[in-house]
>>> print(open('final_11.csv').read())   # CSV, N, CA and C atoms
chain,number,residue,atom,x,y,z
F,81,MET,N,134.2,92.7,147.7
F,81,MET,CA,135.4,92.5,148.5
F,81,MET,C,136.7,92.9,147.7
F,82,THR,N,136.6,92.8,146.4
F,82,THR,CA,137.8,93.2,145.5
F,82,THR,C,138.0,94.7,145.6
F,83,PHE,N,136.9,95.5,145.7
F,83,PHE,CA,137.0,96.9,145.9
F,83,PHE,C,137.8,97.3,147.1
F,84,ILE,N,137.5,96.7,148.2
F,84,ILE,CA,138.2,97.0,149.5
F,84,ILE,C,139.7,96.6,149.4
F,85,ARG,N,140.0,95.4,148.8
F,85,ARG,CA,141.4,95.0,148.6
F,85,ARG,C,142.1,96.0,147.8
F,86,THR,N,141.5,96.4,146.6
F,86,THR,CA,142.2,97.3,145.7
F,86,THR,C,142.4,98.7,146.4
F,87,ASP,N,141.4,99.1,147.2
F,87,ASP,CA,141.5,100.4,147.9
F,87,ASP,C,142.6,100.3,149.0
F,88,LEU,N,142.6,99.2,149.7
F,88,LEU,CA,143.7,98.9,150.7
F,88,LEU,C,145.0,98.9,150.0
F,89,GLN,N,145.1,98.2,148.9
F,89,GLN,CA,146.4,98.2,148.1
F,89,GLN,C,146.8,99.6,147.7
F,90,PHE,N,145.9,100.4,147.3
F,90,PHE,CA,146.2,101.8,146.9
F,90,PHE,C,146.7,102.5,148.1
F,91,LEU,N,146.0,102.4,149.2
F,91,LEU,CA,146.5,103.1,150.4
F,91,LEU,C,147.9,102.6,150.9
F,92,ALA,N,148.1,101.3,150.8
F,92,ALA,CA,149.4,100.8,151.1
F,92,ALA,C,150.5,101.3,150.2
F,93,ALA,N,150.2,101.5,148.9
F,93,ALA,CA,151.1,102.0,148.0
F,93,ALA,C,151.4,103.5,148.3
F,94,GLN,N,150.3,104.2,148.7
F,94,GLN,CA,150.5,105.6,149.1
F,94,GLN,C,151.4,105.7,150.3
F,95,TRP,N,151.1,104.9,151.3
F,95,TRP,CA,151.9,104.8,152.5
F,95,TRP,C,153.4,104.6,152.2
F,96,GLU,N,153.6,103.6,151.3
F,96,GLU,CA,155.0,103.2,150.9
F,96,GLU,C,155.7,104.4,150.3
F,97,ALA,N,155.0,105.1,149.4
F,97,ALA,CA,155.6,106.3,148.8
F,97,ALA,C,155.9,107.4,149.8
F,98,ALA,N,154.9,107.6,150.7
F,98,ALA,CA,155.1,108.6,151.7
F,98,ALA,C,156.3,108.3,152.6
F,99,LYS,N,156.5,107.0,153.0
F,99,LYS,CA,157.6,106.6,153.8
F,99,LYS,C,159.0,106.8,153.0
F,100,LEU,N,159.0,106.6,151.7
F,100,LEU,CA,160.2,106.8,150.9
F,100,LEU,C,160.5,108.3,150.9
F,101,GLU,N,159.4,109.1,150.7
F,101,GLU,CA,159.6,110.6,150.7
F,101,GLU,C,160.2,111.1,152.0
F,102,GLU,N,159.6,110.5,153.1
F,102,GLU,CA,160.0,110.9,154.5
F,102,GLU,C,161.5,110.5,154.7
F,103,LYS,N,161.9,109.3,154.2
F,103,LYS,CA,163.3,108.9,154.4
F,103,LYS,C,164.2,109.8,153.6
F,104,GLU,N,163.8,110.2,152.4
F,104,GLU,CA,164.6,111.1,151.6
F,104,GLU,C,164.7,112.5,152.2
F,105,ALA,N,163.6,112.9,152.8
F,105,ALA,CA,163.6,114.2,153.5
F,105,ALA,C,164.5,114.2,154.7
F,106,ILE,N,164.5,113.1,155.4
F,106,ILE,CA,165.4,113.0,156.6
F,106,ILE,C,166.8,113.0,156.2
F,107,THR,N,167.1,112.3,155.1
F,107,THR,CA,168.5,112.3,154.6
F,107,THR,C,168.9,113.7,154.2
F,108,ARG,N,168.1,114.4,153.4
F,108,ARG,CA,168.4,115.8,153.0
F,108,ARG,C,168.6,116.7,154.2
F,109,ARG,N,167.6,116.6,155.2
F,109,ARG,CA,167.8,117.4,156.4
F,109,ARG,C,169.1,117.2,157.2
F,110,ARG,N,169.4,115.9,157.3
F,110,ARG,CA,170.6,115.6,158.0
F,110,ARG,C,171.9,116.0,157.3
F,111,THR,N,171.9,116.0,156.0
F,111,THR,CA,173.0,116.5,155.2
F,111,THR,C,173.1,118.0,155.4
F,112,ILE,N,172.0,118.7,155.5
F,112,ILE,CA,172.1,120.2,155.7
F,112,ILE,C,172.5,120.4,157.2
F,113,GLU,N,172.1,119.6,158.1
F,113,GLU,CA,172.5,119.8,159.5
F,113,GLU,C,174.0,119.6,159.6
F,114,ASP,N,174.5,118.6,158.9
F,114,ASP,CA,176.0,118.3,158.9
F,114,ASP,C,176.7,119.5,158.3
F,115,GLN,N,176.2,120.2,157.3
F,115,GLN,CA,176.8,121.4,156.7
F,115,GLN,C,176.7,122.5,157.7
F,116,ILE,N,175.6,122.7,158.4
F,116,ILE,CA,175.5,123.7,159.4
F,116,ILE,C,176.5,123.5,160.5
F,117,ALA,N,176.7,122.3,160.9
F,117,ALA,CA,177.7,122.0,162.0
F,117,ALA,C,179.1,122.4,161.6
F,118,ILE,N,179.4,122.1,160.3
F,118,ILE,CA,180.7,122.5,159.8
F,118,ILE,C,180.8,124.0,159.7
F,119,ALA,N,179.8,124.7,159.2
F,119,ALA,CA,179.8,126.2,159.1
F,119,ALA,C,179.9,126.8,160.4
F,120,MET,N,179.3,126.2,161.5
F,120,MET,CA,179.4,126.8,162.8
F,120,MET,C,180.7,126.3,163.6
F,121,SER,N,181.5,125.5,162.9
F,121,SER,CA,182.7,125.0,163.5
F,121,SER,C,182.4,124.3,164.8
F,122,LEU,N,181.4,123.4,164.8
F,122,LEU,CA,181.0,122.7,166.0
F,122,LEU,C,182.0,121.5,166.2
F,123,PRO,N,182.4,121.3,167.5
F,123,PRO,CA,183.3,120.2,167.7
F,123,PRO,C,182.5,118.9,167.5
F,124,GLU,N,183.2,117.8,167.1
F,124,GLU,CA,182.5,116.5,166.9
F,124,GLU,C,181.8,116.0,168.1
F,125,GLN,N,182.4,116.3,169.3
F,125,GLN,CA,181.8,115.8,170.5
F,125,GLN,C,181.3,117.0,171.3
F,126,LEU,N,180.3,117.6,170.7
F,126,LEU,CA,179.6,118.8,171.3
F,126,LEU,C,178.8,118.3,172.5
F,127,GLU,N,179.0,118.9,173.7
F,127,GLU,CA,178.1,118.7,174.8
F,127,GLU,C,177.6,120.1,175.3
F,128,GLY,N,176.3,120.2,175.3
F,128,GLY,CA,175.7,121.5,175.7
F,128,GLY,C,175.1,122.1,174.4
F,129,THR,N,174.9,123.4,174.5
F,129,THR,CA,174.1,124.1,173.5
F,129,THR,C,175.0,125.2,172.9
F,130,LYS,N,174.9,125.4,171.6
F,130,LYS,CA,175.6,126.5,170.9
F,130,LYS,C,174.5,127.2,170.1
F,131,ASN,N,174.4,128.5,170.2
F,131,ASN,CA,173.5,129.4,169.5
F,131,ASN,C,174.2,130.3,168.5
F,132,GLU,N,173.6,130.6,167.4
F,132,GLU,CA,174.2,131.5,166.4
F,132,GLU,C,173.1,132.1,165.6
F,133,LEU,N,173.3,133.4,165.4
F,133,LEU,CA,172.4,134.2,164.5
F,133,LEU,C,172.9,134.1,163.1
F,134,ALA,N,172.0,133.9,162.1
F,134,ALA,CA,172.3,133.9,160.7
F,134,ALA,C,171.2,134.7,160.0
F,135,GLY,N,171.4,136.0,159.9
F,135,GLY,CA,170.4,136.8,159.2
F,135,GLY,C,169.1,136.7,160.0
F,136,ILE,N,168.0,136.3,159.4
F,136,ILE,CA,166.7,136.2,160.1
F,136,ILE,C,166.6,134.9,160.9
F,137,TYR,N,167.6,134.1,160.9
F,137,TYR,CA,167.5,132.8,161.6
F,137,TYR,C,168.3,132.7,162.9
F,138,GLU,N,167.7,132.1,163.9
F,138,GLU,CA,168.5,131.8,165.1
F,138,GLU,C,168.7,130.3,165.1
F,139,ILE,N,169.9,129.9,165.1
F,139,ILE,CA,170.2,128.4,165.0
F,139,ILE,C,170.7,128.0,166.4
F,140,LYS,N,170.1,127.0,166.9
F,140,LYS,CA,170.4,126.4,168.2
F,140,LYS,C,170.8,125.0,168.0
F,141,VAL,N,172.0,124.6,168.4
F,141,VAL,CA,172.4,123.2,168.3
F,141,VAL,C,172.7,122.6,169.7
F,142,ALA,N,172.0,121.6,170.0
F,142,ALA,CA,172.2,120.9,171.3
F,142,ALA,C,172.9,119.6,171.1
F,143,GLY,N,174.1,119.4,171.7
F,143,GLY,CA,174.8,118.2,171.5
F,143,GLY,C,174.8,117.4,172.8
F,144,ARG,N,174.8,116.1,172.7
F,144,ARG,CA,174.8,115.2,173.9
F,144,ARG,C,175.9,114.2,173.6
F,145,LEU,N,176.5,113.7,174.7
F,145,LEU,CA,177.4,112.6,174.7
F,145,LEU,C,176.8,111.5,175.4
F,146,ASP,N,176.8,110.3,174.8
F,146,ASP,CA,176.3,109.1,175.5
F,146,ASP,C,177.4,108.4,176.2
F,147,ARG,N,177.2,108.1,177.5
F,147,ARG,CA,178.2,107.5,178.2
F,147,ARG,C,177.7,106.1,178.7
F,148,LYS,N,178.5,105.1,178.5
F,148,LYS,CA,178.2,103.8,178.9
F,148,LYS,C,179.2,103.4,180.0
F,149,VAL,N,178.8,102.7,181.0
F,149,VAL,CA,179.7,102.4,182.1
F,149,VAL,C,179.8,100.9,182.2
F,150,ASN,N,181.1,100.4,182.3
F,150,ASN,CA,181.4,99.0,182.5
F,150,ASN,C,181.4,98.9,184.0
F,151,ALA,N,180.3,98.3,184.6
F,151,ALA,CA,180.1,98.3,186.0
F,151,ALA,C,181.1,97.5,186.7
F,152,ASP,N,181.5,96.3,186.2
F,152,ASP,CA,182.5,95.5,186.8
F,152,ASP,C,183.9,96.2,186.9
F,153,LYS,N,184.2,96.8,185.8
F,153,LYS,CA,185.5,97.5,185.7
F,153,LYS,C,185.5,98.7,186.7
F,154,LEU,N,184.4,99.4,186.7
F,154,LEU,CA,184.2,100.6,187.5
F,154,LEU,C,184.4,100.2,189.0
F,155,GLN,N,183.8,99.1,189.4
F,155,GLN,CA,183.8,98.7,190.8
F,155,GLN,C,185.3,98.2,191.1
F,156,ALA,N,185.9,97.5,190.2
F,156,ALA,CA,187.3,97.1,190.5
F,156,ALA,C,188.2,98.3,190.6
F,157,ILE,N,188.1,99.3,189.7
F,157,ILE,CA,188.9,100.5,189.8
F,157,ILE,C,188.7,101.2,191.1
F,158,ALA,N,187.4,101.4,191.4
F,158,ALA,CA,187.1,102.1,192.7
F,158,ALA,C,187.7,101.4,193.9
F,159,GLU,N,187.6,100.1,193.9
F,159,GLU,CA,188.2,99.3,195.0
F,159,GLU,C,189.7,99.5,195.1
F,160,GLU,N,190.4,99.4,193.9
F,160,GLU,CA,191.8,99.5,193.8
F,160,GLU,C,192.3,100.9,194.3
F,161,THR,N,191.5,101.9,194.0
F,161,THR,CA,191.9,103.3,194.2
F,161,THR,C,191.3,103.8,195.5
F,162,GLY,N,190.5,103.0,196.2
F,162,GLY,CA,189.9,103.5,197.5
F,162,GLY,C,188.8,104.5,197.3
F,163,LEU,N,188.1,104.4,196.1
F,163,LEU,CA,187.1,105.4,195.8
F,163,LEU,C,185.7,104.8,195.9
F,164,THR,N,185.5,103.6,196.4
F,164,THR,CA,184.2,102.9,196.5
F,164,THR,C,183.2,103.8,197.1
F,165,GLU,N,183.5,104.6,198.1
F,165,GLU,CA,182.5,105.4,198.8
F,165,GLU,C,181.9,106.5,197.9
F,166,HIS,N,182.5,106.8,196.8
F,166,HIS,CA,182.0,107.8,195.9
F,166,HIS,C,181.1,107.3,194.8
F,167,LEU,N,181.1,106.0,194.7
F,167,LEU,CA,180.3,105.4,193.6
F,167,LEU,C,178.8,105.7,193.7
F,168,SER,N,178.2,105.7,194.9
F,168,SER,CA,176.8,105.9,195.0
F,168,SER,C,176.4,107.3,194.7
F,169,SER,N,177.3,108.3,194.9
F,169,SER,CA,176.9,109.7,194.5
F,169,SER,C,177.2,110.0,193.1
F,170,LEU,N,178.2,109.4,192.5
F,170,LEU,CA,178.6,109.7,191.1
F,170,LEU,C,177.8,108.9,190.1
F,171,PHE,N,177.3,107.7,190.5
F,171,PHE,CA,176.6,106.8,189.6
F,171,PHE,C,175.3,106.4,190.1
F,172,ARG,N,174.4,106.0,189.2
F,172,ARG,CA,173.1,105.4,189.5
F,172,ARG,C,173.3,103.9,189.2
F,173,TRP,N,172.8,103.1,190.0
F,173,TRP,CA,173.0,101.6,189.8
F,173,TRP,C,171.8,101.0,189.1
F,174,LYS,N,171.8,100.7,188.0
F,174,LYS,CA,172.4,100.3,186.7
F,174,LYS,C,173.4,101.4,186.5
F,175,PRO,N,174.6,101.2,186.6
F,175,PRO,CA,175.4,102.4,186.8
F,175,PRO,C,175.2,103.4,185.6
F,176,GLU,N,174.8,104.5,185.9
F,176,GLU,CA,174.7,105.6,185.0
F,176,GLU,C,175.3,106.8,185.7
F,177,ILE,N,176.0,107.6,184.9
F,177,ILE,CA,176.7,108.7,185.5
F,177,ILE,C,175.7,109.8,186.0
F,178,ASN,N,175.9,110.2,187.2
F,178,ASN,CA,175.1,111.4,187.7
F,178,ASN,C,176.0,112.6,187.3
F,179,MET,N,175.7,113.2,186.1
F,179,MET,CA,176.5,114.2,185.5
F,179,MET,C,176.7,115.4,186.4
F,180,GLY,N,175.7,115.8,187.1
F,180,GLY,CA,175.8,117.0,188.0
F,180,GLY,C,176.8,116.7,189.1
F,181,ALA,N,176.8,115.6,189.7
F,181,ALA,CA,177.7,115.2,190.8
F,181,ALA,C,179.1,115.0,190.1
F,182,TRP,N,179.1,114.3,189.0
F,182,TRP,CA,180.4,114.1,188.3
F,182,TRP,C,181.2,115.4,188.0
F,183,LYS,N,180.5,116.3,187.4
F,183,LYS,CA,181.1,117.6,187.0
F,183,LYS,C,181.6,118.4,188.2
F,184,SER,N,180.9,118.3,189.3
F,184,SER,CA,181.3,119.0,190.5
F,184,SER,C,182.3,118.3,191.4
F,185,ALA,N,182.5,117.0,191.1
F,185,ALA,CA,183.5,116.3,191.9
F,185,ALA,C,184.9,116.6,191.5
F,186,HIS,N,185.8,116.5,192.4
F,186,HIS,CA,187.2,116.8,192.2
F,186,HIS,C,187.8,115.8,191.2
F,187,GLU,N,188.7,116.2,190.3
F,187,GLU,CA,189.3,115.4,189.3
F,187,GLU,C,190.1,114.2,189.9
F,188,SER,N,190.6,114.3,191.1
F,188,SER,CA,191.3,113.2,191.8
F,188,SER,C,190.4,112.0,192.0
F,189,ILE,N,189.1,112.3,192.1
F,189,ILE,CA,188.1,111.3,192.2
F,189,ILE,C,187.6,110.7,190.9
F,190,THR,N,187.3,111.6,189.9
F,190,THR,CA,186.8,111.2,188.7
F,190,THR,C,187.8,110.6,187.7
F,191,ALA,N,189.0,111.2,187.7
F,191,ALA,CA,190.0,110.7,186.7
F,191,ALA,C,190.3,109.2,186.7
F,192,PRO,N,190.5,108.6,187.9
F,192,PRO,CA,190.8,107.2,187.9
F,192,PRO,C,189.6,106.3,187.4
F,193,LEU,N,188.4,106.9,187.5
F,193,LEU,CA,187.2,106.1,187.1
F,193,LEU,C,186.9,106.2,185.6
F,194,LEU,N,187.6,107.1,184.9
F,194,LEU,CA,187.3,107.3,183.5
F,194,LEU,C,187.5,106.0,182.6
F,195,ASP,N,188.4,105.2,183.0
F,195,ASP,CA,188.7,103.9,182.3
F,195,ASP,C,187.4,103.0,182.2
F,196,ALA,N,186.5,103.2,183.1
F,196,ALA,CA,185.3,102.3,183.1
F,196,ALA,C,184.1,102.9,182.3
F,197,ILE,N,184.4,104.1,181.6
F,197,ILE,CA,183.3,104.8,181.0
F,197,ILE,C,183.7,104.9,179.5
F,198,THR,N,182.7,104.6,178.6
F,198,THR,CA,182.9,104.8,177.2
F,198,THR,C,182.0,105.9,176.8
F,199,THR,N,182.6,106.9,176.1
F,199,THR,CA,181.8,108.1,175.7
F,199,THR,C,181.7,108.2,174.2
F,200,THR,N,180.5,108.3,173.7
F,200,THR,CA,180.3,108.5,172.3
F,200,THR,C,179.3,109.6,172.0
F,201,ALA,N,179.6,110.3,171.0
F,201,ALA,CA,178.7,111.5,170.7
F,201,ALA,C,177.4,111.0,170.0
F,202,SER,N,176.3,111.5,170.4
F,202,SER,CA,175.1,111.3,169.7
F,202,SER,C,174.8,112.4,168.7
F,203,ARG,N,173.9,112.2,167.8
F,203,ARG,CA,173.6,113.2,166.8
F,203,ARG,C,173.0,114.4,167.5
F,204,PRO,N,173.6,115.6,167.2
F,204,PRO,CA,173.1,116.8,167.8
F,204,PRO,C,171.6,117.1,167.3
F,205,SER,N,170.9,117.8,168.1
F,205,SER,CA,169.5,118.2,167.6
F,205,SER,C,169.6,119.7,167.2
F,206,PHE,N,168.8,120.0,166.2
F,206,PHE,CA,168.8,121.4,165.7
F,206,PHE,C,167.5,122.0,165.8
F,207,THR,N,167.4,123.3,166.2
F,207,THR,CA,166.2,124.1,166.2
F,207,THR,C,166.5,125.3,165.4
F,208,ILE,N,165.7,125.6,164.4
F,208,ILE,CA,165.9,126.8,163.6
F,208,ILE,C,164.6,127.6,163.6
F,209,THR,N,164.7,128.8,164.0
F,209,THR,CA,163.4,129.6,164.1
F,209,THR,C,163.6,130.9,163.3
F,210,ARG,N,162.6,131.3,162.6
F,210,ARG,CA,162.6,132.5,161.8
F,210,ARG,C,162.3,133.7,162.7
F,211,LYS,N,163.1,134.7,162.6
F,211,LYS,CA,163.0,135.9,163.4
F,211,LYS,C,162.5,137.0,162.5
F,212,ASP,N,161.2,137.1,162.2
F,212,ASP,CA,160.7,138.2,161.3
F,212,ASP,C,160.3,139.4,162.1
>>> encode(input="final_11.csv", output="C-alpha cells")
Amino acid sequence: MTFIRTDLQFLAAQWEAAKLEEKEAITRRRTIEDQIAIAMSLPEQLEGTKNELAGIYEIKVAGRLDRKVNADKLQAIAEETGLTEHLSSLFRWKPEINMGAWKSAHESITAPLLDAITTTASRPSFTITRKD
C-alpha cells in the first residue's frame, strides 16, 4: 500500500510542477501577445480581425467585445422613446444583442438604447502560422 501512495504522491508532485510550468507559459505567452498588440497598433477595443505579415509569419488577431444588457433599463428606455417594437429584433430575451440586426439598424433606433448596454473588451485571440 505504501508503494501506491508514494507513487501517487510522486504523480501528484509531477502534476503540480506541470501546472506551475503551464501557468508560467501562459503568462509568458500573454506578455508576448500584449507586445504584439502594441507592435500592430491594435485598438484596446478591437472588434473583428486584423491580419499582418511579419517575415515568415502571418499574424491574425481576433478581438471581441462583450456586451451586457440591463434588461430593465433597456425596456424603460424603449418604452420612453417609442422603440419597444424593435426590441424583439435587436435583442434576444435573456436580452442579448443580435449584432447582425443591431449593426444594420438605423442609428436613430440604436443610439437611444446604448445606455442599457455595457461594453467591455475581452482578451483577443491570436493565431500565428509559419509560412515556409
>>> residues_around(input="final_11.csv", residues="Ala181 in chain F", least_positions_apart="3", cutoff="8 Å", atoms="all atoms listed in the file", output="number ranges by chain")
F: 169-171, 177-178, 184-186
>>> residues_around(input="final_11.csv", residues="Thr129 in chain F", least_positions_apart="3", cutoff="5 Å", atoms="all atoms listed in the file", output="VMD selection string")
chain F and resid 141 to 143
>>> atom_distance(input="final_11.csv", atom1="atom N of Asp114 in chain F", atom2="CA of Ser205 in chain F")
10.0 Å
>>> residues_around(input="final_11.csv", residues="Glu138 in chain F", least_positions_apart="6", cutoff="6 Å", atoms="only N, CA and C atoms", output="count of residues only")
6
>>> atom_distance(input="final_11.csv", atom1="atom N of Phe90 in chain F", atom2="atom N of Arg108 in chain F")
26.9 Å
>>> closest_residue(input="final_11.csv", among="F:Thr199, F:Arg109, F:His166, F:Lys103", to="Asn150 in chain F", atoms="only C-alpha atoms")
F:Thr199
>>> atom_distance(input="final_11.csv", atom1="CA of Ile106 in chain F", atom2="CA of Leu133 in chain F")
23.7 Å
>>> closest_residue(input="final_11.csv", among="F:Ile116, F:Val149, F:Ala105, F:Leu100", to="Asp195 in chain F", atoms="all atoms listed in the file")
F:Val149
>>> select_by_dssp(input="final_11.csv", residues="chain F", states="alpha helix (DSSP H)", output="PyMOL selection string")
chain F and resi 82-119+151-161+167-170+179-184+187-190
>>> closest_residue(input="final_11.csv", among="F:Pro175, F:Leu163, F:Thr111, F:Leu154", to="Ile189 in chain F", atoms="all atoms listed in the file")
F:Leu163
>>> closest_residue(input="final_11.csv", among="F:Ala191, F:Ala151, F:Ala134, F:Leu126", to="Arg203 in chain F", atoms="only C-alpha atoms")
F:Leu126
>>> select_by_dssp(input="final_11.csv", residues="chain F", states="strand (DSSP E or B)", output="PyMOL selection string")
chain F and resi 128-134+137-143+145-149+171-172+176-177+197-201+205-210
>>> closest_residue(input="final_11.csv", among="F:Arg144, F:Ser121, F:Ile139, F:Ile197", to="Ile157 in chain F", atoms="only C-alpha atoms")
F:Ile197
>>> closest_residue(input="final_11.csv", among="F:Met179, F:Leu91, F:Ile112, F:Ala98", to="Arg147 in chain F", atoms="only C-alpha atoms")
F:Met179
>>> residues_around(input="final_11.csv", residues="Ser188 in chain F", least_positions_apart="5", cutoff="12 Å", atoms="only C-alpha atoms", output="mmCIF file with N, CA and C atoms, in the frame of the given file")
data_model
loop_
_atom_site.group_PDB
_atom_site.id
_atom_site.type_symbol
_atom_site.label_atom_id
_atom_site.label_comp_id
_atom_site.auth_asym_id
_atom_site.auth_seq_id
_atom_site.Cartn_x
_atom_site.Cartn_y
_atom_site.Cartn_z
ATOM 1 N N ALA F 158 187.400 101.400 191.400
ATOM 2 C CA ALA F 158 187.100 102.100 192.700
ATOM 3 C C ALA F 158 187.700 101.400 193.900
ATOM 4 N N THR F 161 191.500 101.900 194.000
ATOM 5 C CA THR F 161 191.900 103.300 194.200
ATOM 6 C C THR F 161 191.300 103.800 195.500
ATOM 7 N N GLY F 162 190.500 103.000 196.200
ATOM 8 C CA GLY F 162 189.900 103.500 197.500
ATOM 9 C C GLY F 162 188.800 104.500 197.300
ATOM 10 N N LEU F 163 188.100 104.400 196.100
ATOM 11 C CA LEU F 163 187.100 105.400 195.800
ATOM 12 C C LEU F 163 185.700 104.800 195.900
ATOM 13 N N HIS F 166 182.500 106.800 196.800
ATOM 14 C CA HIS F 166 182.000 107.800 195.900
ATOM 15 C C HIS F 166 181.100 107.300 194.800
ATOM 16 N N TRP F 182 179.100 114.300 189.000
ATOM 17 C CA TRP F 182 180.400 114.100 188.300
ATOM 18 C C TRP F 182 181.200 115.400 188.000
ATOM 19 N N LEU F 193 188.400 106.900 187.500
ATOM 20 C CA LEU F 193 187.200 106.100 187.100
ATOM 21 C C LEU F 193 186.900 106.200 185.600
ATOM 22 N N LEU F 194 187.600 107.100 184.900
ATOM 23 C CA LEU F 194 187.300 107.300 183.500
ATOM 24 C C LEU F 194 187.500 106.000 182.600
#
>>> decode(input="final_11.csv", residues="range 136-202 of chain F", atoms="C-alpha atoms", output="short mmCIF file (atom, residue, chain, number, x, y, z; two decimals), in the first residue's frame")
data_model
loop_
_atom_site.label_atom_id
_atom_site.label_comp_id
_atom_site.auth_asym_id
_atom_site.auth_seq_id
_atom_site.Cartn_x
_atom_site.Cartn_y
_atom_site.Cartn_z
CA ILE F 136 7.64 34.17 -42.49
CA TYR F 137 4.72 34.61 -40.05
CA GLU F 138 1.14 35.56 -40.66
CA ILE F 139 -0.37 37.05 -37.51
CA LYS F 140 -4.13 37.04 -37.13
CA VAL F 141 -5.70 38.75 -34.13
CA ALA F 142 -9.41 38.40 -33.46
CA GLY F 143 -10.94 40.81 -30.98
CA ARG F 144 -14.33 40.56 -29.35
CA LEU F 145 -16.33 42.96 -27.26
CA ASP F 146 -18.54 41.54 -24.56
CA ARG F 147 -21.83 43.37 -24.20
CA LYS F 148 -24.11 43.07 -21.20
CA VAL F 149 -27.63 44.38 -21.30
CA ASN F 150 -29.54 45.84 -18.37
CA ALA F 151 -32.94 44.44 -19.34
CA ASP F 152 -35.00 46.68 -17.04
CA LYS F 153 -33.24 49.84 -18.20
CA LEU F 154 -33.47 48.75 -21.84
CA GLN F 155 -37.21 48.19 -21.64
CA ALA F 156 -37.76 51.50 -19.83
CA ILE F 157 -35.73 53.42 -22.45
CA ALA F 158 -37.51 51.65 -25.30
CA GLU F 159 -40.87 52.49 -23.79
CA GLU F 160 -39.92 56.16 -23.21
CA THR F 161 -38.61 56.54 -26.77
CA GLY F 162 -41.32 54.51 -28.52
CA LEU F 163 -38.89 51.83 -29.66
CA THR F 164 -40.42 48.81 -27.91
CA GLU F 165 -41.35 47.22 -31.24
CA HIS F 166 -37.65 46.96 -32.17
CA LEU F 167 -36.55 45.05 -29.07
CA SER F 168 -37.51 41.60 -30.34
CA SER F 169 -35.40 42.01 -33.49
CA LEU F 170 -32.39 43.72 -31.87
CA PHE F 171 -32.19 41.58 -28.73
CA ARG F 172 -32.63 38.00 -27.64
CA TRP F 173 -34.53 37.60 -24.40
CA LYS F 174 -32.36 36.91 -21.93
CA PRO F 175 -31.58 40.12 -23.64
CA GLU F 176 -28.52 39.61 -25.75
CA ILE F 177 -27.71 41.84 -28.66
CA ASN F 178 -28.41 40.42 -32.08
CA MET F 179 -25.29 42.07 -33.55
CA GLY F 180 -26.26 41.47 -37.17
CA ALA F 181 -29.57 43.26 -36.72
CA TRP F 182 -28.02 45.89 -34.43
CA LYS F 183 -25.33 46.82 -36.95
CA SER F 184 -27.83 47.05 -39.81
CA ALA F 185 -30.40 49.06 -37.83
CA HIS F 186 -30.54 52.84 -38.20
CA GLU F 187 -28.72 54.86 -35.54
CA SER F 188 -31.95 56.64 -34.59
CA ILE F 189 -33.10 53.26 -33.26
CA THR F 190 -29.88 52.00 -31.66
CA ALA F 191 -28.44 55.23 -30.19
CA PRO F 192 -31.13 55.74 -27.51
CA LEU F 193 -30.75 52.10 -26.40
CA LEU F 194 -26.97 52.32 -25.84
CA ASP F 195 -27.46 53.46 -22.23
CA ALA F 196 -28.74 49.99 -21.33
CA ILE F 197 -25.66 48.22 -22.72
CA THR F 198 -22.29 47.79 -21.03
CA THR F 199 -19.45 47.02 -23.44
CA THR F 200 -16.12 45.57 -22.29
CA ALA F 201 -13.30 44.21 -24.37
CA SER F 202 -12.38 40.57 -23.96
#
